[in-house]
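Since the structure comes first, as structure tokens, the remarks are kept for the end.
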Amino acid sequence: MKYNFNWDSVALESYIEETEFILLKWNYKEVEKFKILVEQNLERLSINPEIGVFDKKN
């Protein structure tokens with residue numbers, strides 16, 4: 001079973017700011033690498049959400 005993600009405004013703004021920072025510091029190629037990395041990790045979480053469970057105790 002796969003899950004979908006709904007980005008809240010803080011997450012979306014943070015993502016945009018990070019891509020802009022990467023572009024400012026490096027170039028479009030690095031921005032694309034970052035976007036692919038985020039997509040891959042979201043895909044992993046959508047397939048196996050337990051790997052992303054937050055435990056306040058640990």
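Letters A, B, ... go to the chains of the structure tokens in the order shown; residues in each chain start at 1; ligands are counted from 1 in the same order.
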So that I can check the surroundings of Tyr3 in chain A, please list as a PDB file with C-alpha atoms, in the first residue's frame every protein, DNA and RNA residue that reaches within 10 Å of it, counting only C-alpha atoms and ignoring chain neighbours fewer than 5 positions away.
ATOM      1  CA  LEU A  42       9.142  10.424  -0.003  1.00  0.00           C
ATOM      2  CA  GLU A  43       8.637   7.379  -2.212  1.00  0.00           C
ATOM      3  CA  LEU A  45       8.179   6.652   3.141  1.00  0.00           C
ATOM      4  CA  SER A  46       5.018   6.160   1.094  1.00  0.00           C
ATOM      5  CA  ILE A  47       5.815   2.459   0.686  1.00  0.00           C
ATOM      6  CA  ASN A  48       7.052   1.868   4.231  1.00  0.00           C
ATOM      7  CA  PRO A  49       5.752   4.625   6.566  1.00  0.00           C
TER       8      PRO A  49
END
Here is a test: counting only C-alpha atoms, which residue of A:Leu12, A:Asn4, A:Val53, A:Thr19 is nearest to Lys33 in chain A? A:Thr19
Extract the full set of alpha helix (DSSP H) residues from chain A according to DSSP on the backbone, and format it as a VMD selection string. chain A and resid 9 to 25 28 to 47
Writing out the chosen residues with N, CA and C atoms as a compact mmCIF listing (two decimals), in the first residue's frame:
# COMPACT_ATOMS: atom_id res chain seq x y z
N SER A 9 2.00 24.32 4.68
CA SER A 9 2.64 25.54 4.19
C SER A 9 4.08 25.70 4.69
N VAL A 10 4.35 25.26 5.92
CA VAL A 10 5.72 25.37 6.47
C VAL A 10 6.67 24.44 5.70
N ALA A 11 6.24 23.22 5.44
CA ALA A 11 7.09 22.27 4.72
C ALA A 11 7.35 22.76 3.30
N LEU A 12 6.33 23.25 2.65
CA LEU A 12 6.49 23.73 1.27
C LEU A 12 7.41 24.94 1.22
N GLU A 13 7.23 25.87 2.14
CA GLU A 13 8.09 27.06 2.19
C GLU A 13 9.53 26.67 2.47
N SER A 14 9.74 25.73 3.37
CA SER A 14 11.08 25.26 3.70
C SER A 14 11.74 24.61 2.48
N TYR A 15 10.98 23.80 1.76
CA TYR A 15 11.48 23.14 0.55
C TYR A 15 11.90 24.18 -0.49
N ILE A 16 11.05 25.16 -0.69
CA ILE A 16 11.35 26.22 -1.67
C ILE A 16 12.59 27.00 -1.25
N GLU A 17 12.67 27.36 0.02
CA GLU A 17 13.84 28.10 0.52
C GLU A 17 15.12 27.29 0.35
N GLU A 18 15.03 25.99 0.60
CA GLU A 18 16.22 25.14 0.46
C GLU A 18 16.67 25.08 -1.00
N THR A 19 15.73 24.92 -1.92
CA THR A 19 16.11 24.88 -3.34
C THR A 19 16.71 26.21 -3.79
N GLU A 20 16.16 27.32 -3.29
CA GLU A 20 16.71 28.63 -3.64
C GLU A 20 18.12 28.80 -3.08
N PHE A 21 18.34 28.32 -1.85
CA PHE A 21 19.68 28.41 -1.26
C PHE A 21 20.68 27.58 -2.06
N ILE A 22 20.29 26.37 -2.44
CA ILE A 22 21.18 25.51 -3.22
C ILE A 22 21.52 26.17 -4.55
N LEU A 23 20.52 26.76 -5.18
CA LEU A 23 20.76 27.45 -6.45
C LEU A 23 21.70 28.63 -6.26
N LEU A 24 21.52 29.38 -5.19
CA LEU A 24 22.37 30.53 -4.91
C LEU A 24 23.81 30.09 -4.65
N LYS A 25 23.95 29.01 -3.90
CA LYS A 25 25.28 28.53 -3.50
C LYS A 25 25.97 27.74 -4.61
N TYR A 28 21.90 24.73 -10.96
CA TYR A 28 20.65 23.99 -11.22
C TYR A 28 20.84 22.48 -11.10
N LYS A 29 22.01 22.00 -11.47
CA LYS A 29 22.28 20.56 -11.39
C LYS A 29 22.14 20.08 -9.95
N GLU A 30 22.66 20.85 -9.00
CA GLU A 30 22.57 20.48 -7.59
C GLU A 30 21.13 20.59 -7.07
N VAL A 31 20.40 21.56 -7.58
CA VAL A 31 18.98 21.67 -7.21
C VAL A 31 18.23 20.42 -7.67
N GLU A 32 18.50 19.97 -8.88
CA GLU A 32 17.85 18.76 -9.39
C GLU A 32 18.22 17.54 -8.56
N LYS A 33 19.48 17.45 -8.16
CA LYS A 33 19.91 16.34 -7.29
C LYS A 33 19.12 16.35 -5.98
N PHE A 34 18.95 17.53 -5.41
CA PHE A 34 18.20 17.67 -4.17
C PHE A 34 16.74 17.25 -4.36
N LYS A 35 16.13 17.71 -5.44
CA LYS A 35 14.73 17.36 -5.72
C LYS A 35 14.55 15.86 -5.89
N ILE A 36 15.47 15.23 -6.58
CA ILE A 36 15.42 13.78 -6.78
C ILE A 36 15.58 13.06 -5.44
N LEU A 37 16.50 13.53 -4.61
CA LEU A 37 16.72 12.93 -3.30
C LEU A 37 15.44 13.02 -2.44
N VAL A 38 14.79 14.17 -2.45
CA VAL A 38 13.55 14.34 -1.70
C VAL A 38 12.48 13.40 -2.24
N GLU A 39 12.32 13.35 -3.55
CA GLU A 39 11.32 12.46 -4.17
C GLU A 39 11.58 11.00 -3.82
N GLN A 40 12.83 10.59 -3.86
CA GLN A 40 13.17 9.20 -3.54
C GLN A 40 12.82 8.86 -2.09
N ASN A 41 13.12 9.78 -1.19
CA ASN A 41 12.84 9.53 0.21
C ASN A 41 11.34 9.56 0.50
N LEU A 42 10.59 10.43 -0.16
CA LEU A 42 9.14 10.42 0.00
C LEU A 42 8.54 9.14 -0.56
N GLU A 43 9.09 8.65 -1.65
CA GLU A 43 8.64 7.38 -2.21
C GLU A 43 8.88 6.24 -1.22
N ARG A 44 10.06 6.22 -0.61
CA ARG A 44 10.37 5.19 0.40
C ARG A 44 9.40 5.27 1.57
N LEU A 45 9.11 6.48 2.03
CA LEU A 45 8.18 6.65 3.14
C LEU A 45 6.76 6.25 2.76
N SER A 46 6.37 6.50 1.52
CA SER A 46 5.02 6.16 1.09
C SER A 46 4.82 4.65 1.04
N ILE A 47 5.89 3.92 0.76
CA ILE A 47 5.81 2.46 0.69
C ILE A 47 5.94 1.85 2.08
